[in-house]
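Asker: Just so it is clear, I am handing over data.cif, which has mmCIF, C-alpha atoms.
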data_my_file
loop_
_atom_site.label_atom_id
_atom_site.label_comp_id
_atom_site.auth_asym_id
_atom_site.auth_seq_id
_atom_site.Cartn_x
_atom_site.Cartn_y
_atom_site.Cartn_z
CA MET A 1074 112.38 91.08 139.72
CA GLU A 1075 111.92 92.67 136.31
CA ASN A 1076 113.67 95.85 135.27
CA TYR A 1077 111.45 98.81 134.44
CA VAL A 1078 111.73 102.42 133.34
CA ILE A 1079 108.76 104.57 134.36
CA TYR A 1080 108.26 107.59 132.16
CA LYS A 1081 106.29 110.35 133.92
CA GLY A 1082 104.95 112.94 131.48
CA VAL A 1083 105.64 116.64 132.01
CA GLU A 1084 105.46 119.83 129.93
CA GLY A 1085 104.27 120.10 126.31
CA LEU A 1086 103.63 117.39 123.74
CA ILE A 1087 106.94 117.53 121.83
CA HIS A 1088 108.96 117.60 125.08
CA MET A 1089 107.04 114.53 126.22
CA LEU A 1090 107.48 112.62 122.95
CA GLY A 1091 111.22 113.30 123.08
CA GLY A 1092 111.40 111.87 126.60
CA ILE A 1093 109.41 108.77 125.64
CA VAL A 1094 111.63 107.87 122.67
CA TYR A 1095 114.73 108.39 124.80
CA CYS A 1096 113.29 105.82 127.23
CA VAL A 1097 112.42 103.41 124.40
CA ASP A 1098 115.97 103.49 123.05
CA TRP A 1099 117.44 103.11 126.54
CA CYS A 1100 115.14 100.17 127.36
CA ILE A 1101 116.11 98.36 124.15
CA GLU A 1102 119.81 98.83 124.82
CA ASN A 1103 119.59 97.90 128.52
CA ASN A 1104 116.95 95.14 128.53
CA HIS A 1105 114.28 97.03 130.48
CA LYS A 1106 110.52 97.20 130.13
CA LEU A 1107 108.75 100.55 129.85
CA LEU A 1108 105.72 102.03 131.60
CA ILE A 1109 104.38 105.29 130.16
CA ASP A 1110 102.38 107.53 132.51
CA CYS A 1111 101.04 110.59 130.69
CA LYS A 1112 97.88 111.00 132.76
CA CYS A 1113 100.02 112.57 135.48
CA ASN A 1114 100.76 115.45 133.09
CA ASN A 1115 98.08 118.14 133.50
CA LEU A 1116 98.78 119.36 129.96
CA PHE A 1117 98.04 115.91 128.47
CA ASN A 1118 95.90 114.11 131.07
CA LEU A 1119 95.24 111.11 128.79
CA ASN A 1120 96.71 107.69 128.41
CA PHE A 1121 99.45 107.80 125.80
CA SER A 1122 97.71 104.94 123.96
CA GLU A 1123 94.58 107.03 123.38
CA MET A 1124 96.50 109.12 120.86
CA PHE A 1125 99.65 107.17 119.99
CA TYR A 1126 101.36 103.82 119.82
CA LEU A 1127 105.04 102.86 119.54
CA ASN A 1128 106.44 101.39 116.34
CA ASN A 1129 107.71 97.83 117.01
CA PHE A 1130 107.96 98.29 120.77
CA GLU A 1131 105.63 97.09 123.51
CA PHE A 1132 104.94 99.09 126.66
CA THR A 1133 102.47 99.19 129.53
CA GLU A 1134 100.42 101.91 131.21
CA ASP A 1135 99.35 99.74 134.15
CA TYR A 1136 101.41 99.99 137.35
CA ASP A 1137 100.04 96.61 138.46
CA ASN A 1138 102.22 95.00 135.79
CA ILE A 1139 105.30 96.29 137.62
CA ILE A 1140 103.98 95.34 141.05
CA LYS A 1141 103.39 91.72 139.95
CA THR A 1142 107.08 91.14 139.41
CA ASN A 1143 108.32 93.56 142.09
CA ILE A 1144 105.89 92.83 144.91
CA GLN A 1145 108.42 93.73 147.60
CA LYS A 1146 108.52 97.26 146.17
CA LYS A 1147 104.75 97.69 146.01
CA ASP A 1148 104.62 100.70 148.36
CA TYR A 1149 107.39 102.48 146.45
CA ILE A 1150 105.72 101.81 143.07
CA GLU A 1151 102.35 103.07 144.33
CA LYS A 1152 104.07 106.19 145.66
CA ILE A 1153 105.48 106.82 142.17
CA LYS A 1154 102.02 106.29 140.68
CA LEU A 1155 100.30 108.76 143.02
CA ASN A 1156 102.85 111.56 142.81
CA LYS A 1157 103.82 113.99 140.06
CA PRO A 1158 107.30 115.28 139.26
CA LYS A 1159 108.02 118.65 140.84
CA LEU A 1160 109.93 121.32 138.94
CA LEU A 1161 112.93 122.54 140.92
CA VAL A 1162 114.80 124.86 138.55
CA LEU A 1163 112.83 126.27 135.64
CA SER A 1164 115.84 127.38 133.62
CA ILE A 1165 117.33 123.89 133.35
CA ASN A 1166 114.14 121.82 133.62
CA THR A 1167 115.16 119.91 136.74
CA TYR A 1168 112.45 117.66 138.19
CA LYS A 1169 112.25 115.65 141.40
CA LEU A 1170 110.00 112.72 142.36
CA CYS A 1171 110.16 110.50 145.44
CA ASP A 1172 113.31 112.34 146.57
CA GLU A 1173 115.08 111.50 143.29
CA LEU A 1174 116.15 113.72 140.41
CA VAL A 1175 114.20 112.30 137.47
CA SER A 1176 115.15 114.52 134.53
CA LYS A 1177 118.77 113.38 134.25
CA SER A 1178 120.31 110.42 132.43
CA LEU A 1179 118.84 106.99 133.17
CA TYR A 1180 122.39 105.66 133.55
CA LYS A 1181 122.65 107.29 136.99
CA TRP A 1182 120.16 104.81 138.47
CA LYS A 1183 121.45 101.76 140.37
CA THR A 1184 118.04 100.17 141.10
CA ASN A 1185 115.92 97.94 138.84
CA ILE A 1186 113.10 100.53 138.75
CA LYS A 1187 114.07 103.83 137.21
CA ILE A 1188 112.05 107.05 136.72
CA TYR A 1189 112.44 109.62 133.95
CA CYS A 1190 110.62 112.80 132.90
CA GLY A 1191 113.14 114.74 130.80
CA ASN A 1192 112.97 115.48 127.08
CA GLY A 1193 115.76 113.09 126.15
CA GLY A 1194 117.47 115.72 124.03
CA ASN A 1195 114.40 115.96 121.75
CA ASN A 1196 115.82 113.61 119.14
CA ARG A 1197 113.56 114.27 116.15
CA PHE A 1198 114.88 111.26 114.23
CA LYS A 1199 113.83 108.96 117.07
CA ILE A 1200 110.45 110.67 117.50
CA ASN A 1201 109.71 109.82 113.87
CA LYS A 1202 111.22 106.35 114.24
CA TYR A 1203 109.12 105.24 117.20
CA ILE A 1204 106.03 107.47 117.60
CA ARG A 1205 102.92 106.65 115.56
CA ILE A 1206 99.50 108.31 115.71
CA GLN A 1207 96.52 106.03 116.25
CA ASP A 1208 94.67 105.29 112.99
CA ASN A 1209 91.39 106.89 114.09
CA ILE A 1210 93.17 110.17 114.96
CA LYS A 1211 95.10 110.08 111.70
CA CYS A 1212 91.89 109.55 109.72
CA GLU A 1213 90.18 112.47 111.49
CA ILE A 1214 93.12 114.75 110.65
CA GLN A 1215 93.35 113.64 107.03
CA ASN A 1216 89.60 114.06 106.56
CA ILE A 1217 89.80 117.64 107.80
CA LEU A 1218 92.37 118.38 105.08
CA LEU A 1219 90.37 116.53 102.40
CA ASN A 1220 87.25 118.57 103.20
CA SER A 1221 89.02 121.92 103.45
CA GLU A 1222 90.00 124.66 101.02
CA LEU A 1223 93.62 123.53 101.43
CA ASN A 1224 93.08 120.18 99.72
CA LYS A 1225 95.14 119.79 96.54
CA LYS A 1226 96.13 123.47 96.61
CA LYS A 1227 99.42 125.23 97.12
CA TYR A 1228 99.49 127.03 100.45
CA THR A 1229 101.97 128.48 102.92
CA GLY A 1230 102.01 127.11 106.45
CA LEU A 1231 102.86 129.54 109.26
CA HIS A 1232 103.55 128.48 112.84
CA PHE A 1233 103.67 131.53 115.12
CA ARG A 1234 104.32 130.81 118.79
CA ASN A 1235 103.81 133.86 120.98
CA THR A 1236 102.56 133.03 124.49
CA ASP A 1237 104.93 131.10 126.76
CA LYS A 1238 107.54 131.31 123.95
CA ILE A 1239 107.86 134.85 122.59
CA ASN A 1240 108.51 135.85 118.96
CA SER A 1241 108.31 139.24 117.26
CA ILE A 1242 105.47 139.37 114.76
CA TYR A 1243 107.35 142.02 112.76
CA ASN A 1244 110.06 139.49 111.87
CA TYR A 1245 107.43 137.52 109.98
CA THR A 1246 105.42 140.10 108.05
CA SER A 1247 108.00 140.69 105.30
CA ASN A 1248 108.10 136.96 104.49
CA LEU A 1249 104.36 136.37 104.43
CA PRO A 1250 102.78 135.85 101.01
CA LYS A 1251 100.06 138.26 99.97
CA ASN A 1252 97.08 137.30 97.82
CA LYS A 1253 97.76 133.62 98.43
CA LEU A 1254 96.42 130.82 100.61
CA LEU A 1255 97.84 130.80 104.15
CA TYR A 1256 97.39 128.30 106.97
CA VAL A 1257 98.13 129.80 110.39
CA ALA A 1258 98.89 127.69 113.44
CA THR A 1259 99.17 130.02 116.41
CA ASP A 1260 98.45 130.12 120.13
CA ASN A 1261 97.93 133.89 120.15
CA SER A 1262 94.62 135.55 119.23
CA ASP A 1263 96.13 139.01 118.79
CA SER A 1264 98.58 137.63 116.26
CA LEU A 1265 95.89 135.93 114.21
CA ALA A 1266 93.87 139.16 114.10
CA TYR A 1267 97.00 141.04 113.03
CA PHE A 1268 97.73 138.63 110.17
CA ILE A 1269 94.14 138.88 108.94
CA ASP A 1270 94.32 142.69 108.97
CA TYR A 1271 97.84 142.91 107.49
CA LEU A 1272 97.28 140.38 104.70
CA LYS A 1273 94.15 141.77 103.13
CA GLY A 1274 93.40 139.75 100.01
CA THR A 1275 95.03 136.62 101.45
CA LYS A 1276 92.77 133.72 102.36
CA ILE A 1277 93.75 132.75 105.92
CA ILE A 1278 92.68 129.43 107.41
CA SER A 1279 93.16 128.29 111.00
CA PHE A 1280 91.45 125.12 112.18
CA SER A 1281 92.60 124.71 115.74
CA GLU A 1282 90.02 125.71 118.34
CA LYS A 1283 91.50 127.96 120.98
CA ASN A 1284 90.17 129.83 123.99
CA PHE A 1285 92.61 132.58 123.06
CA ASP A 1286 93.36 133.74 126.58
CA ASN A 1287 96.90 134.22 125.26
CA ILE A 1288 98.28 131.49 127.45
CA GLY A 1289 100.29 128.49 126.27
CA LEU A 1290 98.42 126.27 123.81
CA HIS A 1291 98.43 123.23 126.11
CA TYR A 1292 96.74 125.22 128.87
CA GLN A 1293 93.91 126.55 126.74
CA ASN A 1294 91.51 123.64 126.27
CA THR A 1295 90.13 121.54 129.11
CA ASP A 1296 89.21 118.87 126.52
CA LYS A 1297 92.70 117.36 126.26
CA TYR A 1298 91.74 114.92 123.48
CA LYS A 1299 90.67 117.86 121.31
CA SER A 1300 93.67 119.93 122.39
CA ILE A 1301 96.23 117.27 121.43
CA LYS A 1302 94.38 116.45 118.19
CA ASN A 1303 94.52 120.16 117.30
CA VAL A 1304 98.29 120.19 117.83
CA LEU A 1305 98.67 117.11 115.63
CA LEU A 1306 96.43 118.69 113.00
CA ASP A 1307 98.68 121.77 112.98
CA ILE A 1308 101.79 119.61 112.58
CA TYR A 1309 100.22 117.66 109.71
CA LEU A 1310 99.06 120.75 107.80
CA LEU A 1311 102.41 122.50 108.32
CA THR A 1312 104.32 119.48 107.02
CA THR A 1313 102.11 119.17 103.92
CA SER A 1314 102.20 122.88 103.02
CA THR A 1315 104.05 124.08 99.91
CA GLU A 1316 106.11 126.53 101.96
CA PHE A 1317 106.70 126.72 105.71
CA ILE A 1318 107.52 129.61 108.02
CA GLY A 1319 108.17 128.56 111.61
CA SER A 1320 109.11 129.85 115.06
CA PRO A 1321 112.81 129.02 115.63
CA ASN A 1322 112.41 128.71 119.41
CA SER A 1323 109.55 126.19 119.16
CA LEU A 1324 110.08 122.42 119.40
CA LEU A 1325 106.98 121.98 117.24
CA SER A 1326 108.45 124.10 114.43
CA ARG A 1327 111.71 122.18 114.64
CA LEU A 1328 109.86 118.87 114.37
CA VAL A 1329 107.89 120.14 111.35
CA LEU A 1330 111.12 121.22 109.65
CA TYR A 1331 112.70 117.84 110.32
CA ILE A 1332 109.75 115.96 108.81
CA ARG A 1333 109.72 118.27 105.77
CA ASN A 1334 113.46 117.87 105.16
CA ASN A 1335 113.70 114.09 105.60
CA ASP A 1336 112.22 111.32 103.50
CA GLU A 1337 112.12 108.58 106.14
CA SER A 1338 108.85 107.50 107.76
CA ASN A 1339 107.34 109.85 110.33
CA ILE A 1340 104.66 110.03 113.01
CA PHE A 1341 101.89 110.15 110.37
CA THR A 1342 102.97 107.10 108.34
#
With the file now loaded, output its structure as structure tokens.
Answerer:
Amino acid sequence: MENYVIYKGVEGLIHMLGGIVYCVDWCIENNHKLLIDCKCNNLFNLNFSEMFYLNNFEFTEDYDNIIKTNIQKKDYIEKIKLNKPKLLVLSINTYKLCDELVSKSLYKWKTNIKIYCGNGGNNRFKINKYIRIQDNIKCEIQNILLNSELNKKKYTGLHFRNTDKINSIYNYTSNLPKNKLLYVATDNSDSLAYFIDYLKGTKIISFSEKNFDNIGLHYQNTDKYKSIKNVLLDIYLLTTSTEFIGSPNSLLSRLVLYIRNNDESNIFT
């Protein structure tokens, strides 16, 4: 029998990436193979490999690869494949699958097949160490910048999260540059309209397509490829901006700050 960790995707993109890199590190240290299942996550609903790959680490997305070397556990593995983690306690992000808690440390498992869906502590160093964006996605994102008014210009990047994570817009207005170029990444249509009205004379650009029902960004677009690409586009344009103003309670803003403040390779390299 071969040892496997099965990562089952839940929640938003940055949460998921944090959980995946936690599993990668754990698998390297404990001689396990890794299966990544992101299609089970309604907010992603794609194979991880459609958007990303892992730097110097092999993984699988095919449950049959586990079954081949664990044939006696076929029914259990297929049960894992067909079921999604269920949230038990929202405040502490506790998930259960196949009667097991699957958002706690992998060290608690005593079997050769382990399941995980937590965020792994959202280690931003490890996200940038292991996660890489597929070349075709990266080219699409870079081409958008090259063909935009932002190319080779100084601009301020603003990330304003205000749907499932709440921030006060009035804490931002005093810091926003007037009569300059501003890129706004937001999940809230009212906020974008406010910035446009408040910053008369400022050129405001926002590329991401949103339904603007004022629900969380990951819930807005049924085209998940476009939705995830839009999030990655926001991250890229916020990291390349001259100045950055973020939302302190957002994992995306924290990742952007980490990339901006560190010279090592990152998800876009």
Asker: Name all residues at most 12 Å from A:Asn1224 (count all atoms listed in the file; drop same-chain ones fewer than 5 positions away) and give them as a ChimeraX atom specification.
Answerer: /A:1215-1219,1254,1256,1310,1313-1315
Asker: Determine, counting all atoms listed in the file, which protein, DNA and RNA residues have an atom within 12 Å of an atom of A:Tyr1331; residues of the same chain fewer than 5 positions away are not included. Present the result as a CSV table (one decimal) with C-alpha atoms, in the frame of the given file.
Answerer:
chain,number,residue,atom,x,y,z
A,1195,ASN,CA,114.4,116.0,121.8
A,1196,ASN,CA,115.8,113.6,119.1
A,1197,ARG,CA,113.6,114.3,116.2
A,1198,PHE,CA,114.9,111.3,114.2
A,1199,LYS,CA,113.8,109.0,117.1
A,1200,ILE,CA,110.4,110.7,117.5
A,1201,ASN,CA,109.7,109.8,113.9
A,1308,ILE,CA,101.8,119.6,112.6
A,1311,LEU,CA,102.4,122.5,108.3
A,1312,THR,CA,104.3,119.5,107.0
A,1317,PHE,CA,106.7,126.7,105.7
A,1319,GLY,CA,108.2,128.6,111.6
A,1324,LEU,CA,110.1,122.4,119.4
A,1325,LEU,CA,107.0,122.0,117.2
A,1326,SER,CA,108.4,124.1,114.4
A,1336,ASP,CA,112.2,111.3,103.5
A,1337,GLU,CA,112.1,108.6,106.1
A,1338,SER,CA,108.8,107.5,107.8
A,1339,ASN,CA,107.3,109.8,110.3
A,1340,ILE,CA,104.7,110.0,113.0
Asker: Calculate how many Å separate atom CA of A:Ile1210 from atom CA of A:Lys1227, rounding to one decimal.
Answerer: 24.2 Å
Asker: Pick out the residues sitting within 12 Å of A:Leu1160, and hand them over as a ChimeraX atom specification; count only C-alpha atoms, and ignore anything fewer than 3 positions along from it in its own chain.
Answerer: /A:1083-1084,1157,1163-1170,1173-1176,1190-1191
Asker: Mind pulling up the distance from atom CA of A:Leu1119 to atom CA of A:Tyr1080?
Answerer: 13.9 Å
Asker: For a test of reading the model, state the distance in Å between atom CA of A:Leu1179 and atom CA of A:Arg1327, rounded to one decimal.
Answerer: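 Atom-to-atom, atom CA of A:Leu1179 to atom CA of A:Arg1327, that is 25.0 Å.
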Asker: Which protein, DNA or RNA residues have an atom at most 9 Å from (94.6, 128.0, 113.1), counting all atoms listed in the file? List them as an NGL selection string.
Answerer: :A and (1232 or 1256-1260 or 1265 or 1277-1283 or 1303 or 1307)
Asker: For A:Lys1159, which residue among A:Leu1272, A:Cys1171, A:Ile1186, A:Leu1231 is the nearest when counting all atoms listed in the file?
Answerer: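 Closest residue, counting all atoms listed in the file: A:Cys1171.
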